[in-house]
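Input: a single structure, listed below in structure tokens.
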Amino acid sequence: MRVTFAEELVELEDAIQREGDLVVRSIQAATRALVENDLELADEVIAFDDDVDSNYVAIERGIESLLARQTPVASDLRLVLAMLHVNLHLERMADYCVTVAKLTKLMGGLNVSDDAISSSIEDMGQRAEQMIRVAMDAFGTRDADRAHTLVELDELIDRANRNATEDVLSLGDSPEEREYGLRMLVVSRCVERIGDHAVDIGEQVVYLVTGEFREFSDASHPG
């Protein structure tokens, strides 16, 4: 039976929501692997990225096929364009999770740890997970007001990132401590960027609802 244009849109959007769930699992596992120094879990995060990539490619091809066969206009066209952007943001979030997992493996032999830094990273991971859920829920329900709440949530991640940076600067001067500190700065930045991508998804929600694209006011673009 021939699938209608509307049904294809629903299937693609369902696939994007599933991809969002995969990314939530990735950030959960990557953060836990780091905090618990679980190298096996870090390996699982790296391998799991293949599942995210497969979903990303399938969605991309589905959108390309739809555009080649259909001529979406107005709100349908906005939805297709928004899905393209959301799909890319999710895939990049997963890439950051892989970077965190790889850095976790590299730090396994340093024999250096810091509870304050680990606590800040864990806090950031939980907030990033919350932001992904809010962004994907807002996208699914076309809730622009909910999308705007991502700005405040992003500030909380930024604050935890600043705390982690200050704690890194307080570490000792041994080569191992310096290496640990530098790698944790990269980890903190990766998680902070995941929050930024969630904000970007929120901006796509507003575009989808209003037909106008405008960046939210945040730390990078103060109002």
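Every chain in the structure tokens has a letter given in the order shown (A, B, ...), and although residue numbers restart at 1 in each chain, ligands are simply numbered from 1 in the order shown.
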Report task. Find the residues near range 118-120 of chain A: any atom within 12 Å, counting only C-alpha atoms, skip ones fewer than 2 places away on the same chain, and give them as a ChimeraX atom specification. Result -> /A:31-37,104,112-116,122-127,156-168,180-181,184-185,187-189,191-192
Query - Who sits within 8 Å of His197 in chain A, only C-alpha atoms, same chain under 4 positions skipped, as number ranges by chain - result: A: 89-90, 93, 193, 201
Query - Coordinates-based distance that separates CA of Arg142 in chain A from CA of Val206 in chain A (Å, one decimal) - result: 7.9 Å
At a cut-off of 10 Å, can you tabulate as JSON lines every residue of range 41-73 of chain A near range 77-87 of chain A together with its closest atom pair and the distance in Å to one decimal, using only C-alpha atoms and ordering rows by chain then number?
{"residue": "A:Asn55", "atom": "CA", "partner": "A:Asn87", "partner_atom": "CA", "distance": 9.0}
{"residue": "A:Tyr56", "atom": "CA", "partner": "A:Asn87", "partner_atom": "CA", "distance": 6.3}
{"residue": "A:Val57", "atom": "CA", "partner": "A:Asn87", "partner_atom": "CA", "distance": 9.2}
{"residue": "A:Ile59", "atom": "CA", "partner": "A:Asn87", "partner_atom": "CA", "distance": 7.4}
{"residue": "A:Glu60", "atom": "CA", "partner": "A:Leu84", "partner_atom": "CA", "distance": 7.0}
{"residue": "A:Ile63", "atom": "CA", "partner": "A:Val80", "partner_atom": "CA", "distance": 7.1}
{"residue": "A:Glu64", "atom": "CA", "partner": "A:Leu84", "partner_atom": "CA", "distance": 9.5}
{"residue": "A:Leu66", "atom": "CA", "partner": "A:Val80", "partner_atom": "CA", "distance": 8.9}
{"residue": "A:Leu67", "atom": "CA", "partner": "A:Val80", "partner_atom": "CA", "distance": 8.4}
{"residue": "A:Thr71", "atom": "CA", "partner": "A:Leu77", "partner_atom": "CA", "distance": 8.1}
{"residue": "A:Pro72", "atom": "CA", "partner": "A:Leu77", "partner_atom": "CA", "distance": 4.8}
{"residue": "A:Val73", "atom": "CA", "partner": "A:Leu77", "partner_atom": "CA", "distance": 4.7}
Report task. Calculate how many Å separate CA of Asp21 in chain A from CA of Arg133 in chain A, rounding to one decimal. Result -> 8.2 Å
Report task. Excluding Phe213 in chain A and any residue of its chain fewer than 6 positions from it, enumerate the residues within 8 Å of it, using only C-alpha atoms, and give them as a PyMOL selection string. Result -> chain A and resi 203-204+206-207
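Across the model, the gap from CA of Ile16 in chain A to CA of Ala138 in chain A is 12.9 Å.
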**Report entry** Residues within 12 Å of Asp38 in chain A, only C-alpha atoms, excluding chain neighbours under 6 positions, as number ranges by chain
**Finding:** A: 29-32, 44-45, 101-108
N, CA and C atoms of the current selection, written as a compact mmCIF listing (two decimals), in the first residue's frame:
# COMPACT_ATOMS: atom_id res chain seq x y z
N ALA A 29 25.43 7.32 29.61
CA ALA A 29 26.50 6.34 29.72
C ALA A 29 27.88 7.01 29.72
N ALA A 30 28.06 8.03 28.87
CA ALA A 30 29.36 8.70 28.79
C ALA A 30 29.70 9.38 30.11
N THR A 31 28.71 10.04 30.71
CA THR A 31 28.95 10.72 31.99
C THR A 31 29.26 9.71 33.09
N ARG A 32 28.50 8.63 33.13
CA ARG A 32 28.72 7.61 34.17
C ARG A 32 30.09 6.95 34.00
N GLU A 44 31.60 0.88 25.29
CA GLU A 44 30.22 0.69 24.82
C GLU A 44 29.66 1.98 24.22
N VAL A 45 30.00 3.11 24.83
CA VAL A 45 29.54 4.39 24.29
C VAL A 45 30.09 4.61 22.89
N ALA A 101 33.91 9.71 26.00
CA ALA A 101 34.28 8.31 26.26
C ALA A 101 35.74 8.04 25.93
N LYS A 102 36.22 8.59 24.82
CA LYS A 102 37.62 8.40 24.43
C LYS A 102 38.57 9.06 25.43
N LEU A 103 38.19 10.24 25.92
CA LEU A 103 39.02 10.90 26.92
C LEU A 103 39.01 10.14 28.24
N THR A 104 37.89 9.53 28.58
CA THR A 104 37.82 8.69 29.77
C THR A 104 38.83 7.56 29.69
N LYS A 105 38.92 6.93 28.53
CA LYS A 105 39.88 5.84 28.35
C LYS A 105 41.32 6.35 28.46
N LEU A 106 41.58 7.53 27.93
CA LEU A 106 42.94 8.08 27.98
C LEU A 106 43.35 8.44 29.40
N MET A 107 42.37 8.80 30.24
CA MET A 107 42.69 9.19 31.62
C MET A 107 42.78 8.01 32.57
N GLY A 108 42.50 6.82 32.05
CA GLY A 108 42.46 5.64 32.92
C GLY A 108 43.78 5.36 33.62
Query raised in the report: Pick from A:Val24, A:Ala15, A:Ala6, A:Ala74: nearest to Thr210 in chain A, with only C-alpha atoms counted?
Result: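 Result for the nearest residue to Thr210 in chain A: A:Ala74.
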Query - A:Glu19, A:Asp43, A:Glu13, A:Asp143 ranked by distance to Glu91 in chain A, top pick (using only C-alpha atoms) - result: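 Among A:Glu19, A:Asp43, A:Glu13, A:Asp143, it is A:Glu19 that comes nearest to Glu91 in chain A.
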Report task. Select, from A:Cys190, A:Met136, A:Leu182, A:Ala128, the residue with the minimum atom-to-atom distance to Cys97 in chain A, counting only C-alpha atoms. Result ->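 Under the stated criterion, the closest residue is A:Cys190.
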